file my_file12.cif (mmCIF, C-alpha atoms)
data_input
#
loop_
_atom_site.label_atom_id
_atom_site.label_comp_id
_atom_site.auth_asym_id
_atom_site.auth_seq_id
_atom_site.Cartn_x
_atom_site.Cartn_y
_atom_site.Cartn_z
CA MET B 1 1.94 -2.63 -21.02
CA GLN B 2 0.95 -2.69 -17.35
CA LEU B 3 -1.64 -0.17 -16.30
CA GLY B 4 -0.95 1.78 -13.15
CA ARG B 5 -3.15 1.16 -10.16
CA ASP B 6 -5.13 4.41 -10.68
CA GLN B 7 -5.74 3.62 -14.35
CA MET B 8 -6.82 0.07 -13.51
CA SER B 9 -9.31 1.25 -10.91
CA ASP B 10 -11.09 3.23 -13.65
CA LYS B 11 -11.67 -0.02 -15.56
CA ARG B 12 -13.22 -1.86 -12.61
CA LYS B 13 -16.94 -2.50 -12.82
CA ALA B 14 -17.80 -3.44 -9.23
CA LYS B 15 -17.65 -1.18 -6.19
CA ARG B 16 -14.67 -1.94 -3.98
CA ALA B 17 -14.10 -1.51 -0.27
CA PRO B 18 -10.87 -1.25 1.66
CA ILE B 19 -10.12 -4.30 3.77
CA ASP B 20 -7.13 -5.28 5.89
CA ILE B 21 -7.14 -9.02 6.49
CA TYR B 22 -4.73 -11.92 6.30
CA LEU B 23 -5.86 -14.92 4.28
CA ASN B 24 -4.69 -18.20 2.85
CA LYS B 25 -3.84 -18.25 -0.83
CA TYR B 26 -3.50 -21.82 -2.10
CA MET B 27 -1.13 -22.57 -4.96
CA GLY B 28 -0.66 -26.19 -5.97
CA GLY B 29 -2.60 -27.20 -2.86
CA VAL B 30 -0.16 -25.43 -0.52
CA PRO B 31 -1.40 -22.47 1.57
CA TYR B 32 0.60 -19.23 1.68
CA LEU B 33 -0.21 -16.30 3.93
CA THR B 34 -1.14 -13.13 2.06
CA ARG B 35 -2.81 -9.81 2.91
CA ALA B 36 -5.82 -8.24 1.22
CA SER B 37 -6.13 -4.46 0.76
CA ASP B 38 -9.49 -4.20 -1.01
CA ILE B 39 -12.41 -6.38 -2.03
CA SER B 40 -15.41 -6.42 -4.35
CA GLN B 41 -17.89 -9.08 -5.40
CA ASP B 42 -15.52 -9.68 -8.33
CA GLY B 43 -12.24 -10.17 -6.47
CA LEU B 44 -9.45 -9.03 -4.15
CA SER B 45 -6.22 -7.06 -4.26
CA LEU B 46 -3.49 -9.00 -2.48
CA ALA B 47 -0.02 -8.19 -1.17
CA GLN B 48 2.38 -11.11 -1.23
CA LEU B 49 4.06 -11.77 2.10
CA ILE B 50 5.99 -15.02 1.88
CA GLU B 51 5.53 -17.21 -1.16
CA PRO B 52 7.81 -18.77 -3.74
CA GLN B 53 8.26 -17.51 -7.27
CA HIS B 54 5.46 -19.03 -9.27
CA THR B 55 3.52 -18.83 -12.48
CA ALA B 56 0.24 -20.08 -11.02
CA ARG B 57 -2.71 -18.15 -12.40
CA ARG B 58 -5.42 -20.14 -10.61
CA VAL B 59 -5.48 -19.96 -6.83
CA GLY B 60 -7.65 -21.02 -3.93
CA LEU B 61 -8.60 -18.49 -1.27
CA GLN B 62 -9.74 -18.92 2.32
CA PHE B 63 -10.67 -15.87 4.40
CA GLN B 64 -13.09 -14.25 6.83
CA LEU B 65 -14.65 -10.83 6.44
CA PRO B 66 -14.15 -8.46 9.37
CA GLY B 67 -16.89 -9.01 11.95
CA SER B 68 -17.83 -12.45 10.59
CA GLU B 69 -16.92 -15.88 11.90
CA GLU B 70 -17.85 -17.62 8.65
CA VAL B 71 -14.93 -18.81 6.54
CA ILE B 72 -15.26 -18.01 2.84
CA TYR B 73 -13.76 -20.46 0.38
CA ALA B 74 -13.25 -19.25 -3.18
CA GLU B 75 -11.25 -19.92 -6.29
CA GLY B 76 -9.76 -17.18 -8.40
CA GLU B 77 -7.52 -16.23 -11.26
CA VAL B 78 -4.62 -13.80 -11.01
CA VAL B 79 -5.52 -11.14 -13.58
CA ARG B 80 -2.80 -8.57 -12.88
CA GLU B 81 0.42 -8.14 -10.93
CA TRP B 82 2.40 -5.07 -9.91
CA ALA B 83 5.07 -3.97 -7.47
CA GLU B 84 4.85 -0.95 -5.21
CA LEU B 85 8.04 0.89 -4.51
CA ASP B 86 7.32 1.58 -0.86
CA ALA B 87 9.42 0.69 2.16
CA ALA B 88 8.19 -2.91 2.04
CA SER B 89 8.69 -3.29 -1.74
CA ARG B 90 5.89 -5.83 -1.87
CA GLU B 91 4.54 -7.50 -4.95
CA HIS B 92 0.79 -7.27 -5.38
CA SER B 93 -1.77 -9.14 -7.42
CA GLY B 94 -5.37 -8.72 -8.43
CA VAL B 95 -7.40 -11.90 -8.17
CA ARG B 96 -10.79 -12.25 -9.88
CA PHE B 97 -13.15 -14.75 -8.28
CA THR B 98 -13.95 -17.67 -10.59
CA LEU B 99 -15.81 -19.80 -8.05
CA LEU B 100 -17.74 -18.28 -5.16
CA THR B 101 -21.02 -19.39 -3.63
CA GLU B 102 -23.97 -17.05 -3.96
CA ARG B 103 -24.15 -16.81 -0.17
CA HIS B 104 -20.54 -15.67 0.06
CA ARG B 105 -21.01 -13.22 -2.82
CA ARG B 106 -23.96 -11.67 -0.92
CA MET B 107 -21.82 -11.44 2.24
CA ILE B 108 -19.11 -9.61 0.29
CA ASP B 109 -21.71 -7.29 -1.31
CA ALA B 110 -23.09 -6.45 2.16
CA TYR B 111 -19.57 -5.74 3.45
CA VAL B 112 -18.81 -3.45 0.50
CA SER B 113 -22.13 -1.62 0.93
CA ARG B 114 -21.55 -1.09 4.67
CA SER B 115 -18.06 0.22 3.94
CA ALA B 116 -19.44 2.69 1.35
CA GLN B 117 -21.87 3.99 3.99
CA GLY B 118 -19.02 4.45 6.45
CA ASN B 119 -20.13 1.74 8.89
#
call {"tool": "encode", "arguments": {"input": "my_file12.cif", "output": "structure tokens"}}
result
Amino acid sequence: MQLGRDQMSDKRKAKRAPIDIYLNKYMGGVPYLTRASDISQDGLSLAQLIEPQHTARRVGLQFQLPGSEEVIYAEGEVVREWAELDAASREHSGVRFTLLTERHRRMIDAYVSRSAQGN
């Protein structure tokens, strides 16, 4: 049984922040453009834009936080998938970071904290 997005957010442990960025999601070594809608030190929520049907659970990620020029490289695991029945009918996925440097984790924490303070 898939949990709805509201029910899933209750189970999250880390604070999340809204984010609107495009990033590279690598599957089988091939980059696909995707869009993130929120972030925490644990992972990202992604909207699929153009990518093939796949069963890949492990993905590579390459992105920049708003206001930063540093590129963050991470690896993650797709831990949930859902579809939103909006005008775009996009498929979404939740990716939990499995490999992230401590420096990049601190950068994400700082971004989430600034967002919570409204900055």
call {"tool": "resolve_selection", "arguments": {"input": "my_file12.cif", "expression": "the PyMOL selection byres ((chain B and resi 91) around 9)", "output": "list of chain:residue names"}}
result
B:Leu46, B:Ala47, B:Gln48, B:Leu49, B:Glu81, B:Trp82, B:Ala83, B:Glu84, B:Ser89, B:Arg90, B:His92, B:Ser93
call {"tool": "closest_residue", "arguments": {"input": "my_file12.cif", "among": "B:Arg16, B:Arg35, B:Arg96, B:Arg80", "to": "B:Ile108", "atoms": "all atoms listed in the file"}}
result
B:Arg16
call {"tool": "atom_distance", "arguments": {"input": "my_file12.cif", "atom1": "atom CA of B:Gly67", "atom2": "atom CA of B:Asp20"}}
result
12.1 Å
call {"tool": "axis_aligned_box", "arguments": {"input": "my_file12.cif", "around": "stretch 73-77 of chain B", "padding_each_side": "8 Å", "output": "JSON"}}
result
{"center_x": -10.6, "center_y": -18.3, "center_z": -5.4, "size_x": 22.2, "size_y": 20.2, "size_z": 27.6}
call {"tool": "residues_around", "arguments": {"input": "my_file12.cif", "residues": "B:Ala14", "least_positions_apart": "5", "cutoff": "12 Å", "atoms": "all atoms listed in the file", "output": "list in words"}}
result
Ser9, Asp38, Ile39, Ser40, Gln41, Asp42, Gly43, Leu44, Arg96, Ile108, Asp109, Val112 and Ser113 of chain B
call {"tool": "closest_residue", "arguments": {"input": "my_file12.cif", "among": "B:Ala17, B:Val95, B:Ala56, B:Ile50", "to": "B:Gly29", "atoms": "all atoms listed in the file"}}
result
B:Ala56
call {"tool": "atom_distance", "arguments": {"input": "my_file12.cif", "atom1": "atom CA of B:Ser115", "atom2": "atom CA of B:Arg58"}}
result
28.0 Å
call {"tool": "atom_distance", "arguments": {"input": "my_file12.cif", "atom1": "atom CA of B:Met27", "atom2": "atom CA of B:Ala110"}}
result
28.2 Å
call {"tool": "closest_residue", "arguments": {"input": "my_file12.cif", "among": "B:Thr34, B:Ser68, B:Thr101, B:Val79", "to": "B:Thr55", "atoms": "only C-alpha atoms"}}
result
B:Val79
call {"tool": "resolve_selection", "arguments": {"input": "my_file12.cif", "expression": "the PyMOL selection byres ((chain B and resi 74) around 8)", "output": "number ranges by chain"}}
result
B: 60-62, 72-73, 75-76, 97-101
call {"tool": "residues_near_point", "arguments": {"input": "my_file12.cif", "point": "(-11.9, -9.3, 4.9)", "cutoff": "7 Å", "atoms": "only C-alpha atoms", "output": "PyMOL selection string"}}
result
chain B and resi 19-21+63-66
call {"tool": "write_last_selection", "arguments": {"input": "my_file12.cif", "atoms": "C-alpha atoms", "output": "PDB file, in the coordinates of the input"}}
result
ATOM      1  CA  ILE B  19     -10.120  -4.300   3.770  1.00  0.00           C
ATOM      2  CA  ASP B  20      -7.130  -5.280   5.890  1.00  0.00           C
ATOM      3  CA  ILE B  21      -7.140  -9.020   6.490  1.00  0.00           C
ATOM      4  CA  PHE B  63     -10.670 -15.870   4.400  1.00  0.00           C
ATOM      5  CA  GLN B  64     -13.090 -14.250   6.830  1.00  0.00           C
ATOM      6  CA  LEU B  65     -14.650 -10.830   6.440  1.00  0.00           C
ATOM      7  CA  PRO B  66     -14.150  -8.460   9.370  1.00  0.00           C
TER       8      PRO B  66
END
call {"tool": "closest_residue", "arguments": {"input": "my_file12.cif", "among": "B:Val78, B:Arg57, B:Tyr111, B:Gly118", "to": "B:Gly28", "atoms": "all atoms listed in the file"}}
result
B:Arg57
call {"tool": "build_atoms", "arguments": {"input": "my_file12.cif", "residues": "stretch 55-78 of chain B", "atoms": "N, CA and C atoms", "output": "short mmCIF file (atom, residue, chain, number, x, y, z; two decimals), in the coordinates of the input"}}
result
data_model
loop_
_atom_site.label_atom_id
_atom_site.label_comp_id
_atom_site.auth_asym_id
_atom_site.auth_seq_id
_atom_site.Cartn_x
_atom_site.Cartn_y
_atom_site.Cartn_z
N THR B 55 4.23 -19.28 -11.29
CA THR B 55 3.52 -18.83 -12.48
C THR B 55 2.05 -19.22 -12.39
N ALA B 56 1.63 -19.65 -11.20
CA ALA B 56 0.24 -20.08 -11.02
C ALA B 56 -0.72 -18.92 -11.29
N ARG B 57 -1.69 -19.15 -12.12
CA ARG B 57 -2.71 -18.15 -12.40
C ARG B 57 -3.98 -18.46 -11.63
N ARG B 58 -4.23 -19.74 -11.35
CA ARG B 58 -5.42 -20.14 -10.61
C ARG B 58 -5.02 -20.41 -9.16
N VAL B 59 -5.79 -19.84 -8.24
CA VAL B 59 -5.48 -19.96 -6.83
C VAL B 59 -6.75 -20.26 -6.04
N GLY B 60 -6.56 -20.85 -4.89
CA GLY B 60 -7.65 -21.02 -3.93
C GLY B 60 -7.50 -19.96 -2.86
N LEU B 61 -8.61 -19.52 -2.30
CA LEU B 61 -8.60 -18.49 -1.27
C LEU B 61 -9.46 -18.93 -0.10
N GLN B 62 -9.02 -18.60 1.10
CA GLN B 62 -9.74 -18.92 2.32
C GLN B 62 -9.60 -17.72 3.24
N PHE B 63 -10.75 -17.08 3.59
CA PHE B 63 -10.67 -15.87 4.40
C PHE B 63 -11.98 -15.62 5.15
N GLN B 64 -11.91 -14.70 6.09
CA GLN B 64 -13.09 -14.25 6.83
C GLN B 64 -13.20 -12.74 6.67
N LEU B 65 -14.41 -12.26 6.48
CA LEU B 65 -14.65 -10.83 6.44
C LEU B 65 -14.60 -10.28 7.86
N PRO B 66 -14.15 -9.04 8.03
CA PRO B 66 -14.15 -8.46 9.37
C PRO B 66 -15.56 -8.52 9.99
N GLY B 67 -15.62 -8.92 11.24
CA GLY B 67 -16.89 -9.01 11.95
C GLY B 67 -17.67 -10.29 11.70
N SER B 68 -17.14 -11.20 10.90
CA SER B 68 -17.83 -12.45 10.59
C SER B 68 -16.97 -13.63 11.04
N GLU B 69 -17.63 -14.66 11.52
CA GLU B 69 -16.92 -15.88 11.90
C GLU B 69 -16.94 -16.91 10.78
N GLU B 70 -17.73 -16.66 9.74
CA GLU B 70 -17.85 -17.62 8.65
C GLU B 70 -16.62 -17.56 7.73
N VAL B 71 -16.08 -18.73 7.43
CA VAL B 71 -14.93 -18.81 6.54
C VAL B 71 -15.44 -18.90 5.10
N ILE B 72 -14.91 -18.03 4.26
CA ILE B 72 -15.26 -18.01 2.84
C ILE B 72 -14.20 -18.77 2.07
N TYR B 73 -14.65 -19.72 1.26
CA TYR B 73 -13.76 -20.46 0.38
C TYR B 73 -14.08 -20.02 -1.05
N ALA B 74 -13.05 -19.70 -1.80
CA ALA B 74 -13.25 -19.25 -3.18
C ALA B 74 -12.10 -19.72 -4.03
N GLU B 75 -12.33 -19.71 -5.33
CA GLU B 75 -11.25 -19.92 -6.29
C GLU B 75 -11.15 -18.67 -7.12
N GLY B 76 -9.95 -18.39 -7.61
CA GLY B 76 -9.76 -17.18 -8.40
C GLY B 76 -8.65 -17.32 -9.40
N GLU B 77 -8.55 -16.31 -10.24
CA GLU B 77 -7.52 -16.23 -11.26
C GLU B 77 -6.76 -14.92 -11.10
N VAL B 78 -5.44 -15.00 -11.07
CA VAL B 78 -4.62 -13.80 -11.01
C VAL B 78 -4.75 -13.09 -12.36
#
